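As stored in query09.tsv (TSV, C-alpha atoms and all ligand atoms):
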chain	number	residue	atom	x	y	z
A	22	MET	CA	143.73	92.24	108.82
A	23	LYS	CA	141.23	95.15	109.08
A	24	LYS	CA	141.58	97.00	112.36
A	25	ASP	CA	138.44	97.66	114.44
A	26	ILE	CA	137.32	101.28	114.61
A	27	ILE	CA	137.01	102.11	118.32
A	28	ILE	CA	135.73	105.56	119.25
A	29	LEU	CA	135.62	107.13	122.71
A	30	GLY	CA	132.84	109.77	122.89
A	31	ILE	CA	132.84	112.58	125.47
A	32	GLU	CA	129.89	114.85	126.29
A	33	SER	CA	130.02	117.79	128.71
A	34	SER	CA	127.91	120.54	127.14
A	35	CYS	CA	125.56	121.20	130.07
A	36	ASP	CA	125.12	119.35	133.37
A	37	ASP	CA	125.81	115.72	132.43
A	38	THR	CA	129.35	114.33	132.25
A	39	SER	CA	129.22	111.34	129.93
A	40	ALA	CA	131.61	108.98	128.15
A	41	ALA	CA	130.85	106.12	125.76
A	42	VAL	CA	132.76	103.58	123.69
A	43	ILE	CA	131.69	102.35	120.25
A	44	ARG	CA	133.40	99.55	118.36
A	45	ASP	CA	132.60	99.27	114.64
A	46	GLY	CA	129.27	101.04	115.16
A	47	LEU	CA	128.22	98.91	118.15
A	48	LEU	CA	127.82	100.59	121.55
A	49	LEU	CA	129.92	98.89	124.23
A	50	SER	CA	129.41	101.32	127.12
A	51	ASN	CA	127.71	104.60	128.01
A	52	VAL	CA	128.37	106.10	131.43
A	53	THR	CA	126.78	109.34	132.65
A	54	ALA	CA	127.24	111.30	135.88
A	55	SER	CA	124.39	113.76	136.37
A	56	GLN	CA	124.73	116.80	138.62
A	57	ALA	CA	122.15	116.96	141.44
A	58	VAL	CA	123.81	120.14	142.76
A	59	HIS	CA	121.60	122.34	140.50
A	60	GLU	CA	118.23	121.14	141.87
A	61	SER	CA	118.20	123.51	144.83
A	62	TYR	CA	118.91	126.51	142.53
A	63	GLY	CA	115.98	125.90	140.15
A	64	GLY	CA	118.25	125.70	137.10
A	65	VAL	CA	121.77	124.88	135.94
A	66	VAL	CA	124.42	127.11	137.58
A	67	PRO	CA	127.23	127.29	134.97
A	68	GLU	CA	130.07	127.75	137.48
A	69	LEU	CA	128.94	124.73	139.52
A	70	ALA	CA	128.44	122.68	136.35
A	71	SER	CA	132.04	123.15	135.18
A	72	ARG	CA	133.40	122.32	138.62
A	73	ALA	CA	131.35	119.10	138.72
A	74	HIS	CA	132.56	118.17	135.21
A	75	GLN	CA	136.15	118.57	136.48
A	76	GLN	CA	135.43	116.11	139.28
A	77	ASN	CA	133.54	113.63	137.11
A	78	ILE	CA	135.40	113.49	133.82
A	79	VAL	CA	138.28	111.17	134.81
A	80	PRO	CA	136.19	108.54	136.68
A	81	VAL	CA	133.46	108.62	134.00
A	82	VAL	CA	135.93	108.01	131.15
A	83	ASP	CA	137.71	105.29	133.17
A	84	GLN	CA	134.36	103.56	133.84
A	85	ALA	CA	133.32	103.74	130.18
A	86	LEU	CA	136.60	102.14	129.04
A	87	LYS	CA	136.44	99.52	131.80
A	88	ARG	CA	132.83	98.53	131.04
A	89	ALA	CA	133.68	98.31	127.34
A	90	GLY	CA	136.73	96.17	128.10
A	91	VAL	CA	138.83	98.50	125.96
A	92	GLY	CA	142.30	99.84	126.77
A	93	ARG	CA	143.22	103.46	125.93
A	94	GLU	CA	145.91	102.25	123.52
A	95	GLU	CA	143.20	100.49	121.44
A	96	LEU	CA	141.26	103.70	120.72
A	97	SER	CA	141.15	104.87	117.08
A	98	ALA	CA	139.94	108.42	117.82
A	99	ILE	CA	138.27	110.62	120.43
A	100	ALA	CA	134.96	112.29	119.59
A	101	PHE	CA	133.89	115.19	121.79
A	102	THR	CA	131.07	117.72	121.97
A	103	ARG	CA	132.54	120.98	120.70
A	104	GLY	CA	129.29	123.00	121.04
A	105	PRO	CA	126.75	124.41	121.45
A	106	GLY	CA	126.47	124.52	125.22
A	107	LEU	CA	127.75	126.26	128.34
A	108	MET	CA	131.30	127.41	127.63
A	109	GLY	CA	132.73	126.47	131.03
A	110	SER	CA	131.19	122.98	130.77
A	111	LEU	CA	132.33	122.45	127.19
A	112	LEU	CA	135.91	123.48	128.00
A	113	VAL	CA	136.28	120.59	130.46
A	114	GLY	CA	135.36	117.93	127.87
A	115	VAL	CA	137.18	119.63	125.00
A	116	SER	CA	140.41	120.09	126.98
A	117	PHE	CA	140.27	116.53	128.32
A	118	ALA	CA	139.73	115.14	124.79
A	119	LYS	CA	142.65	117.19	123.46
A	120	GLY	CA	144.99	116.04	126.22
A	121	LEU	CA	144.08	112.38	125.83
A	122	ALA	CA	144.24	112.46	122.01
A	123	ALA	CA	147.65	114.16	122.12
A	124	SER	CA	149.04	111.68	124.63
A	125	LEU	CA	147.82	108.71	122.58
A	126	GLY	CA	148.73	110.26	119.20
A	127	ILE	CA	145.23	109.66	117.76
A	128	PRO	CA	142.86	111.98	115.85
A	129	MET	CA	140.12	114.10	117.40
A	130	ILE	CA	136.62	114.39	116.02
A	131	ASP	CA	134.52	117.42	116.91
A	132	VAL	CA	130.80	116.78	117.21
A	133	ASN	CA	127.95	119.26	117.11
A	134	HIS	CA	125.76	118.41	120.10
A	135	LEU	CA	122.53	118.90	118.11
A	136	GLN	CA	123.73	116.67	115.29
A	137	GLY	CA	124.53	114.10	117.99
A	138	HIS	CA	120.93	114.20	119.28
A	139	VAL	CA	119.62	113.52	115.76
A	140	LEU	CA	122.08	110.66	115.16
A	141	ALA	CA	121.11	109.04	118.48
A	142	HIS	CA	118.67	107.10	116.29
A	143	PHE	CA	121.64	105.17	114.89
A	144	ILE	CA	122.94	103.93	118.26
A	145	ARG	CA	123.13	100.15	118.03
A	146	THR	CA	123.65	97.73	120.91
A	147	GLU	CA	124.30	93.99	120.87
A	148	GLY	CA	121.15	91.86	120.75
A	149	GLU	CA	118.68	94.76	120.51
A	150	ASP	CA	116.40	95.55	117.57
A	151	TYR	CA	117.97	98.09	115.26
A	152	CYS	CA	115.52	99.88	112.95
A	153	PRO	CA	117.02	103.28	112.17
A	154	PRO	CA	115.29	105.80	109.89
A	155	THR	CA	116.33	105.92	106.25
A	156	PHE	CA	117.27	109.18	104.52
A	157	PRO	CA	115.76	111.66	104.09
A	158	PHE	CA	113.80	111.97	107.33
A	159	LEU	CA	112.52	114.81	109.47
A	160	CYS	CA	113.63	115.11	113.07
A	161	LEU	CA	111.90	117.19	115.71
A	162	LEU	CA	114.73	118.17	118.03
A	163	VAL	CA	113.35	119.35	121.36
A	164	SER	CA	115.43	119.99	124.46
A	165	GLY	CA	115.93	122.49	127.24
A	166	GLY	CA	117.79	124.80	124.87
A	167	ASN	CA	116.48	123.99	121.38
A	168	SER	CA	113.32	123.39	119.39
A	169	GLN	CA	114.04	122.69	115.75
A	170	ILE	CA	112.71	120.80	112.77
A	171	VAL	CA	115.68	119.27	110.99
A	172	LYS	CA	115.64	117.72	107.52
A	173	VAL	CA	118.20	114.94	107.65
A	174	ASN	CA	119.50	114.12	104.16
A	175	ALA	CA	122.46	112.00	105.30
A	176	TYR	CA	124.63	111.47	108.41
A	177	ASN	CA	126.65	114.50	107.42
A	178	ASP	CA	123.99	116.59	105.70
A	179	MET	CA	121.28	118.23	107.84
A	180	GLU	CA	119.23	121.39	107.31
A	181	ILE	CA	117.33	123.28	109.99
A	182	ILE	CA	114.03	124.13	108.32
A	183	GLY	CA	112.30	125.56	111.38
A	184	GLN	CA	113.30	126.65	114.87
A	185	THR	CA	112.15	128.61	117.87
A	186	ILE	CA	112.42	132.37	117.62
A	187	ASP	CA	112.48	132.72	121.42
A	188	ASP	CA	112.19	130.03	124.13
A	189	ALA	CA	112.72	126.30	123.63
A	190	ALA	CA	109.90	123.83	124.36
A	191	GLY	CA	111.77	122.35	127.36
A	192	GLU	CA	112.46	125.81	128.73
A	193	ALA	CA	108.74	126.69	128.47
A	194	ILE	CA	107.81	123.49	130.32
A	195	ASP	CA	110.46	124.02	133.00
A	196	LYS	CA	109.32	127.65	133.55
A	197	ALA	CA	105.68	126.56	134.00
A	198	ALA	CA	106.80	123.92	136.48
A	199	LYS	CA	108.83	126.51	138.34
A	200	VAL	CA	105.92	128.94	138.78
A	201	MET	CA	103.82	126.02	140.00
A	202	GLY	CA	106.55	125.30	142.59
A	203	LEU	CA	107.31	121.85	141.16
A	204	GLY	CA	111.12	122.08	141.28
A	205	TYR	CA	113.80	121.67	138.60
A	206	PRO	CA	113.90	120.18	136.04
A	207	GLY	CA	110.13	120.37	135.86
A	208	GLY	CA	109.61	118.38	132.63
A	209	PRO	CA	109.36	114.92	134.24
A	210	VAL	CA	107.04	116.27	137.01
A	211	ILE	CA	104.72	117.98	134.52
A	212	ASP	CA	104.69	114.70	132.56
A	213	ARG	CA	103.69	112.68	135.65
A	214	LEU	CA	100.97	115.12	136.74
A	215	ALA	CA	99.60	115.48	133.20
A	216	ARG	CA	98.81	111.76	133.06
A	217	GLN	CA	96.21	112.29	135.83
A	218	GLY	CA	94.72	115.56	134.50
A	219	ASN	CA	92.27	116.80	131.87
A	220	PRO	CA	94.14	118.26	128.86
A	221	ASP	CA	91.08	120.29	127.85
A	222	ALA	CA	90.50	121.92	131.26
A	223	TYR	CA	92.28	125.19	130.39
A	224	GLN	CA	93.16	127.03	127.19
A	225	PHE	CA	96.30	129.13	126.78
A	226	SER	CA	97.06	131.48	123.92
A	227	LYS	CA	98.79	129.58	121.10
A	228	PRO	CA	101.44	131.24	118.91
A	229	HIS	CA	100.84	132.08	115.24
A	230	ILE	CA	104.27	132.24	113.66
A	231	PRO	CA	104.68	131.92	109.89
A	232	GLY	CA	106.51	129.00	108.28
A	233	TYR	CA	107.92	126.15	110.31
A	234	ASN	CA	109.28	128.31	113.14
A	235	TYR	CA	108.18	128.08	116.74
A	236	SER	CA	107.57	130.57	119.53
A	237	PHE	CA	106.89	129.58	123.14
A	238	SER	CA	107.29	132.87	125.01
A	239	GLY	CA	103.64	133.93	124.47
A	240	LEU	CA	102.34	130.60	125.72
A	241	LYS	CA	104.57	130.81	128.77
A	242	THR	CA	103.39	134.35	129.55
A	243	SER	CA	99.75	133.41	129.02
A	244	PHE	CA	100.17	130.56	131.53
A	245	LEU	CA	101.85	132.88	134.00
A	246	TYR	CA	99.19	135.64	133.78
A	247	ASN	CA	96.26	133.23	133.95
A	248	LEU	CA	97.76	131.49	136.93
A	249	ARG	CA	98.36	134.81	138.71
A	250	ASP	CA	94.66	135.73	138.34
A	251	TRP	CA	93.43	132.31	139.45
A	252	VAL	CA	95.69	132.30	142.51
A	253	LYS	CA	94.44	135.80	143.43
A	254	ASP	CA	90.90	134.36	143.70
A	255	ASP	CA	91.96	131.09	145.32
A	256	PRO	CA	95.39	130.89	147.02
A	257	ASP	CA	95.24	127.05	146.85
A	258	PHE	CA	94.39	127.01	143.16
A	259	ILE	CA	97.64	125.37	142.04
A	260	GLU	CA	97.47	122.62	144.67
A	261	HIS	CA	93.83	121.83	143.78
A	262	HIS	CA	94.28	121.90	140.01
A	263	LYS	CA	97.91	120.94	139.37
A	264	GLU	CA	97.04	117.83	137.33
A	265	ASP	CA	94.66	119.72	134.99
A	266	LEU	CA	97.10	122.63	134.70
A	267	ALA	CA	99.95	120.28	133.78
A	268	ALA	CA	97.83	118.32	131.29
A	269	SER	CA	96.47	121.46	129.58
A	270	TYR	CA	99.84	123.17	129.37
A	271	GLU	CA	101.56	120.03	128.11
A	272	LYS	CA	98.87	119.68	125.45
A	273	ALA	CA	99.41	123.29	124.30
A	274	VAL	CA	103.17	122.65	123.90
A	275	VAL	CA	102.73	119.28	122.19
A	276	ASP	CA	100.03	120.59	119.79
A	277	THR	CA	102.27	123.51	118.82
A	278	LEU	CA	105.22	121.20	118.15
A	279	MET	CA	103.18	118.67	116.18
A	280	ASN	CA	101.29	121.19	114.03
A	281	LYS	CA	104.45	122.65	112.50
A	282	LEU	CA	105.98	119.22	112.10
A	283	ARG	CA	102.88	118.04	110.25
A	284	LEU	CA	103.05	121.04	107.90
A	285	ALA	CA	106.74	120.40	107.17
A	286	ALA	CA	106.14	116.68	106.54
A	287	ARG	CA	103.23	117.44	104.23
A	288	ASP	CA	105.03	120.17	102.26
A	289	LEU	CA	108.23	118.15	101.83
A	290	GLY	CA	106.41	114.87	101.17
A	291	ILE	CA	108.39	113.08	103.91
A	292	ARG	CA	106.72	110.37	105.99
A	293	GLN	CA	109.70	109.24	108.05
A	294	VAL	CA	109.56	111.37	111.18
A	295	ALA	CA	111.79	111.16	114.24
A	296	VAL	CA	111.99	112.97	117.56
A	297	ALA	CA	115.11	113.63	119.66
A	298	GLY	CA	116.33	115.61	122.69
A	299	GLY	CA	115.32	115.70	126.36
A	300	VAL	CA	111.66	116.62	125.76
A	301	SER	CA	111.24	113.50	123.60
A	302	ALA	CA	110.97	111.63	126.93
A	303	ASN	CA	107.56	113.31	127.36
A	304	THR	CA	104.67	110.83	127.33
A	305	GLY	CA	102.22	113.29	125.73
A	306	LEU	CA	104.63	113.98	122.87
A	307	ARG	CA	105.36	110.27	122.39
A	308	ASN	CA	101.61	109.54	122.29
A	309	ALA	CA	101.12	112.32	119.74
A	310	PHE	CA	103.80	110.74	117.53
A	311	HIS	CA	101.94	107.43	117.59
A	312	GLU	CA	98.62	109.15	116.80
A	313	TYR	CA	100.12	111.05	113.87
A	314	ALA	CA	101.72	107.84	112.63
A	315	LYS	CA	98.26	106.33	112.32
A	316	ARG	CA	96.51	109.43	111.00
A	317	TYR	CA	99.10	110.50	108.43
A	318	ARG	CA	100.71	107.12	107.72
A	319	TRP	CA	104.05	108.26	109.13
A	320	GLN	CA	106.85	105.90	110.01
A	321	VAL	CA	107.91	107.28	113.42
A	322	TYR	CA	111.19	106.92	115.31
A	323	ILE	CA	111.26	107.56	119.04
A	324	PRO	CA	114.56	107.12	120.90
A	325	LYS	CA	115.00	104.92	123.96
A	326	PHE	CA	114.72	106.94	127.19
A	327	GLY	CA	118.46	106.67	127.90
A	328	TYR	CA	119.30	108.40	124.62
A	329	THR	CA	116.80	111.27	124.88
A	330	THR	CA	118.75	113.39	127.37
A	331	ASP	CA	122.41	114.30	127.02
A	332	ASN	CA	124.64	111.25	126.60
A	333	ALA	CA	128.01	110.38	125.07
A	334	ALA	CA	126.70	107.41	123.04
A	335	MET	CA	125.24	109.89	120.53
A	336	ILE	CA	128.58	111.73	120.38
A	337	ALA	CA	130.48	108.47	119.84
A	338	ILE	CA	128.16	107.28	117.03
A	339	THR	CA	128.46	110.66	115.29
A	340	GLY	CA	132.24	110.36	115.71
A	341	TYR	CA	132.11	106.88	114.19
A	342	PHE	CA	130.42	108.21	111.02
A	343	LYS	CA	132.83	111.15	110.80
A	344	PHE	CA	135.80	108.80	111.27
A	345	GLN	CA	134.79	106.96	108.12
A	346	ASP	CA	134.87	110.28	106.23
A	347	ARG	CA	138.26	111.05	107.81
A	348	ASP	CA	136.58	114.21	109.10
A	349	PHE	CA	139.00	115.07	111.92
A	350	CYS	CA	139.53	118.35	113.72
A	351	PRO	CA	142.74	120.21	114.47
A	352	MET	CA	144.16	120.40	117.98
A	353	GLU	CA	143.56	124.17	118.14
A	354	ALA	CA	139.79	123.92	117.43
A	355	PRO	CA	138.03	125.97	120.13
A	356	ALA	CA	134.69	125.10	121.78
A	357	TYR	CA	131.68	127.13	120.62
A	358	SER	CA	128.69	128.06	122.76
A	359	ARG	CA	126.24	129.34	120.14
A	360	VAL	CA	123.61	127.25	118.36
A	361	THR	CA	124.79	126.16	114.92
A	362	MET	CA	124.41	122.98	112.90
A	363	LYS	CA	127.46	122.14	110.81
B	401	LIG	O1	118.25	117.43	125.87
B	401	LIG	P1	118.25	117.79	127.31
B	401	LIG	O2	118.60	116.70	128.28
B	401	LIG	O3	119.29	118.91	127.59
B	401	LIG	C1	119.21	120.26	127.53
B	401	LIG	O4	118.82	120.85	126.51
B	401	LIG	O5	119.64	120.84	128.56
B	401	LIG	O6	116.79	118.37	127.65
B	401	LIG	C2	116.41	118.74	128.94
B	401	LIG	C3	114.96	119.18	128.88
B	401	LIG	C4	114.50	119.89	130.14
B	401	LIG	O7	113.79	121.04	129.78
B	401	LIG	C5	113.56	118.86	130.80
B	401	LIG	O8	112.57	119.41	131.61
B	401	LIG	C6	112.98	118.20	129.57
B	401	LIG	O9	114.09	118.05	128.68
B	401	LIG	N1	112.38	116.90	129.88
B	401	LIG	C7	111.05	116.66	129.77
B	401	LIG	C8	110.85	115.32	130.19
B	401	LIG	N2	112.06	114.79	130.54
B	401	LIG	C9	112.98	115.78	130.33
B	401	LIG	N3	110.04	117.45	129.36
B	401	LIG	C10	108.81	116.92	129.37
B	401	LIG	N4	108.51	115.67	129.76
B	401	LIG	C11	109.51	114.84	130.18
B	401	LIG	N5	109.22	113.59	130.55
Translate the structure described by the file into structure tokens.
Ligand code: KG4
Amino acid sequence: MKKDIIILGIESSCDDTSAAVIRDGLLLSNVTASQAVHESYGGVVPELASRAHQQNIVPVVDQALKRAGVGREELSAIAFTRGPGLMGSLLVGVSFAKGLAASLGIPMIDVNHLQGHVLAHFIRTEGEDYCPPTFPFLCLLVSGGNSQIVKVNAYNDMEIIGQTIDDAAGEAIDKAAKVMGLGYPGGPVIDRLARQGNPDAYQFSKPHIPGYNYSFSGLKTSFLYNLRDWVKDDPDFIEHHKEDLAASYEKAVVDTLMNKLRLAARDLGIRQVAVAGGVSANTGLRNAFHEYAKRYRWQVYIPKFGYTTDNAAMIAITGYFKFQDRDFCPMEAPAYSRVTMK
């Protein structure tokens, strides 16, 4: 009798400790412990993140197995985020995965975090609609640390055709929120305020970078300098105009992202277009995807909210595909912090 393929996925690249279980491609559980400790610092503090991962990893994995109704001895392999990410955070998940795999005598599967975000579109749960993109498709990958346009030829064949040359889209949004005193992470707050503001109230300088690459540092600086001048004239400027500021800035980021994506889709003749990563939770970006779908006859794929930010379900599904290729990794494989796409 054919044995079920059961994969435990582990994610610990930044400030979310997450574990998920997938049986034969179907998600059984996905448990995430987020770290509130960073809020008061206005950003992720790497040292605190790794300590919190140490505290969370055992209970999170136990919960994921319990909710899935799966015993450790039933696992076929352990998939884990090997990079990119914060080294101290990654080491917790990587070391845990190695220890567990060694004790159970099962293979390990290393997963590139960015590849995981893209393959989040293939997460399938019992009783829910499952309409994944077909190959090839384009994926706009936008998070706190990355902004890329990826051409996805197959599960195991992806090319980065454009990426940011400086800041990521999420970083640019978080920085704007920070100077407006909106706390961290600012993305969800900017999103909420933008819904009540006028997106055409203010203009900020937009980048002109050749090809499909992005740049957000100029936009961020333009926002900062404009705001400084306005606040000089009216100390309550931010409080009185925060909705319009959020809406206009969000629009500048979304327009920049969508323009390059449209060029890439046109040049490559691809009409299947997906979005992934934390910033894909943004309402303005989601609306833009629907608009472009109508205007350019795109078939668009937008992930469920739970799979936009860091989660282990995307690591487990990537592990499931790699398991079928027998694409395992050796015990000595080290974590990597830099951005690469294998
Ligand atoms: O993929 P992700 O969870 O992990 C990192 O790359 O760390 O992305 C986090 C980013 C943050 O910059 C956050 O502000 C942004 O995603 N984000 C949003 C929204 N929700 C999260 N940005 C805009 N609108 C949102 N609703």
Using CA of Ala40 in chain A and CA of Gly305 in chain A as the two end points, give the distance in Å to one decimal.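 Separation between CA of Ala40 in chain A and CA of Gly305 in chain A: 29.8 Å.
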Out of A:Val65, A:Ile186, A:Val171, A:Val82, which residue has the shortest atom-to-atom distance to ligand LIG 401 (chain B) when counting all atoms listed in the file?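 Among the listed residues, A:Val65 lies closest to ligand LIG 401 (chain B).
Using only C-alpha atoms, the protein and nucleic acid residues lying no more than 6 Å from range 211-215 of chain A, apart from those fewer than 4 places from it along its own chain, are Glu264, Ala267 and Ala268 of chain A.
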Would you work out the distance separating CA of Ala41 in chain A from CA of Ala89 in chain A, expressed in Å to one decimal? 8.5 Å
Write out as a Markdown table a residue-level contact list of chain A versus ligand LIG 401 (chain B) with cut-off 7 Å: for each qualifying residue the closest pair of atoms and the distance in Å to one decimal, counting only C-alpha atoms and all ligand atoms, rows sorted by chain and residue number upward.
| residue | atom | partner | partner_atom | distance |
| --- | --- | --- | --- | --- |
| A:Cys35 | CA | B:LIG401 | O5 | 6.1 |
| A:Val163 | CA | B:LIG401 | O1 | 6.9 |
| A:Ser164 | CA | B:LIG401 | O6 | 3.8 |
| A:Gly165 | CA | B:LIG401 | O4 | 3.4 |
| A:Gly166 | CA | B:LIG401 | O4 | 4.4 |
| A:Asn167 | CA | B:LIG401 | O4 | 6.5 |
| A:Gly191 | CA | B:LIG401 | O7 | 3.4 |
| A:Glu192 | CA | B:LIG401 | O7 | 5.1 |
| A:Ile194 | CA | B:LIG401 | O8 | 6.4 |
| A:Asp195 | CA | B:LIG401 | O8 | 5.3 |
| A:Pro206 | CA | B:LIG401 | O8 | 4.7 |
| A:Gly207 | CA | B:LIG401 | O8 | 5.0 |
| A:Gly208 | CA | B:LIG401 | O8 | 3.3 |
| A:Pro209 | CA | B:LIG401 | N5 | 3.9 |
| A:Ile211 | CA | B:LIG401 | N4 | 6.5 |
| A:Asp212 | CA | B:LIG401 | N4 | 4.8 |
| A:Gly298 | CA | B:LIG401 | O1 | 4.1 |
| A:Gly299 | CA | B:LIG401 | O6 | 3.3 |
| A:Val300 | CA | B:LIG401 | N3 | 4.0 |
| A:Ser301 | CA | B:LIG401 | C8 | 6.8 |
| A:Ala302 | CA | B:LIG401 | N5 | 4.5 |
| A:Asn303 | CA | B:LIG401 | N4 | 3.5 |
| A:Thr304 | CA | B:LIG401 | N5 | 6.2 |
| A:Thr329 | CA | B:LIG401 | O1 | 6.4 |
| A:Thr330 | CA | B:LIG401 | O2 | 3.4 |
| A:Asp331 | CA | B:LIG401 | O2 | 4.7 |
Pull out range 293-310 of chain A, keep N, CA, C and O atoms, and write it as a PDB file, in the first residue's frame.
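And here's out-v8.pdb as it stands now:
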ATOM      1  N   GLN A 293      -1.165  35.373 -16.595  1.00  0.00           N
ATOM      2  CA  GLN A 293      -1.456  34.815 -15.270  1.00  0.00           C
ATOM      3  C   GLN A 293      -0.537  35.532 -14.296  1.00  0.00           C
ATOM      4  O   GLN A 293       0.692  35.359 -14.367  1.00  0.00           O
ATOM      5  N   VAL A 294      -1.114  36.325 -13.395  1.00  0.00           N
ATOM      6  CA  VAL A 294      -0.292  37.166 -12.545  1.00  0.00           C
ATOM      7  C   VAL A 294      -0.710  36.999 -11.074  1.00  0.00           C
ATOM      8  O   VAL A 294      -1.888  37.137 -10.743  1.00  0.00           O
ATOM      9  N   ALA A 295       0.280  36.700 -10.252  1.00  0.00           N
ATOM     10  CA  ALA A 295       0.009  36.462  -8.828  1.00  0.00           C
ATOM     11  C   ALA A 295       0.743  37.489  -7.977  1.00  0.00           C
ATOM     12  O   ALA A 295       1.645  38.163  -8.450  1.00  0.00           O
ATOM     13  N   VAL A 296       0.332  37.580  -6.721  1.00  0.00           N
ATOM     14  CA  VAL A 296       1.021  38.456  -5.773  1.00  0.00           C
ATOM     15  C   VAL A 296       1.255  37.643  -4.503  1.00  0.00           C
ATOM     16  O   VAL A 296       0.459  36.752  -4.181  1.00  0.00           O
ATOM     17  N   ALA A 297       2.354  37.902  -3.813  1.00  0.00           N
ATOM     18  CA  ALA A 297       2.672  37.155  -2.593  1.00  0.00           C
ATOM     19  C   ALA A 297       3.494  38.016  -1.652  1.00  0.00           C
ATOM     20  O   ALA A 297       4.021  39.058  -2.056  1.00  0.00           O
ATOM     21  N   GLY A 298       3.594  37.590  -0.382  1.00  0.00           N
ATOM     22  CA  GLY A 298       4.379  38.335   0.615  1.00  0.00           C
ATOM     23  C   GLY A 298       3.493  39.236   1.455  1.00  0.00           C
ATOM     24  O   GLY A 298       2.331  39.493   1.100  1.00  0.00           O
ATOM     25  N   GLY A 299       4.038  39.738   2.549  1.00  0.00           N
ATOM     26  CA  GLY A 299       3.276  40.517   3.531  1.00  0.00           C
ATOM     27  C   GLY A 299       2.505  41.688   2.957  1.00  0.00           C
ATOM     28  O   GLY A 299       1.366  41.948   3.355  1.00  0.00           O
ATOM     29  N   VAL A 300       3.101  42.418   2.001  1.00  0.00           N
ATOM     30  CA  VAL A 300       2.440  43.610   1.452  1.00  0.00           C
ATOM     31  C   VAL A 300       1.230  43.224   0.582  1.00  0.00           C
ATOM     32  O   VAL A 300       0.371  44.057   0.295  1.00  0.00           O
ATOM     33  N   SER A 301       1.128  41.951   0.197  1.00  0.00           N
ATOM     34  CA  SER A 301      -0.032  41.543  -0.606  1.00  0.00           C
ATOM     35  C   SER A 301      -1.310  41.570   0.217  1.00  0.00           C
ATOM     36  O   SER A 301      -2.412  41.383  -0.315  1.00  0.00           O
ATOM     37  N   ALA A 302      -1.197  41.824   1.536  1.00  0.00           N
ATOM     38  CA  ALA A 302      -2.400  42.026   2.362  1.00  0.00           C
ATOM     39  C   ALA A 302      -2.991  43.406   2.110  1.00  0.00           C
ATOM     40  O   ALA A 302      -4.130  43.678   2.487  1.00  0.00           O
ATOM     41  N   ASN A 303      -2.228  44.290   1.469  1.00  0.00           N
ATOM     42  CA  ASN A 303      -2.665  45.684   1.298  1.00  0.00           C
ATOM     43  C   ASN A 303      -3.881  45.817   0.383  1.00  0.00           C
ATOM     44  O   ASN A 303      -3.887  45.314  -0.749  1.00  0.00           O
ATOM     45  N   THR A 304      -4.895  46.518   0.869  1.00  0.00           N
ATOM     46  CA  THR A 304      -6.160  46.651   0.137  1.00  0.00           C
ATOM     47  C   THR A 304      -5.965  47.386  -1.189  1.00  0.00           C
ATOM     48  O   THR A 304      -6.543  46.984  -2.212  1.00  0.00           O
ATOM     49  N   GLY A 305      -5.147  48.455  -1.178  1.00  0.00           N
ATOM     50  CA  GLY A 305      -4.914  49.218  -2.404  1.00  0.00           C
ATOM     51  C   GLY A 305      -4.260  48.355  -3.476  1.00  0.00           C
ATOM     52  O   GLY A 305      -4.628  48.413  -4.657  1.00  0.00           O
ATOM     53  N   LEU A 306      -3.316  47.523  -3.067  1.00  0.00           N
ATOM     54  CA  LEU A 306      -2.626  46.641  -4.020  1.00  0.00           C
ATOM     55  C   LEU A 306      -3.586  45.563  -4.536  1.00  0.00           C
ATOM     56  O   LEU A 306      -3.611  45.257  -5.720  1.00  0.00           O
ATOM     57  N   ARG A 307      -4.391  45.022  -3.649  1.00  0.00           N
ATOM     58  CA  ARG A 307      -5.371  44.005  -4.058  1.00  0.00           C
ATOM     59  C   ARG A 307      -6.373  44.607  -5.052  1.00  0.00           C
ATOM     60  O   ARG A 307      -6.711  43.984  -6.063  1.00  0.00           O
ATOM     61  N   ASN A 308      -6.834  45.839  -4.762  1.00  0.00           N
ATOM     62  CA  ASN A 308      -7.766  46.496  -5.681  1.00  0.00           C
ATOM     63  C   ASN A 308      -7.115  46.718  -7.040  1.00  0.00           C
ATOM     64  O   ASN A 308      -7.746  46.530  -8.079  1.00  0.00           O
ATOM     65  N   ALA A 309      -5.829  47.120  -7.012  1.00  0.00           N
ATOM     66  CA  ALA A 309      -5.122  47.365  -8.277  1.00  0.00           C
ATOM     67  C   ALA A 309      -5.044  46.074  -9.095  1.00  0.00           C
ATOM     68  O   ALA A 309      -5.213  46.089 -10.323  1.00  0.00           O
ATOM     69  N   PHE A 310      -4.831  44.947  -8.420  1.00  0.00           N
ATOM     70  CA  PHE A 310      -4.784  43.660  -9.139  1.00  0.00           C
ATOM     71  C   PHE A 310      -6.118  43.394  -9.846  1.00  0.00           C
ATOM     72  O   PHE A 310      -6.139  42.956 -10.990  1.00  0.00           O
TER      73      PHE A 310
END
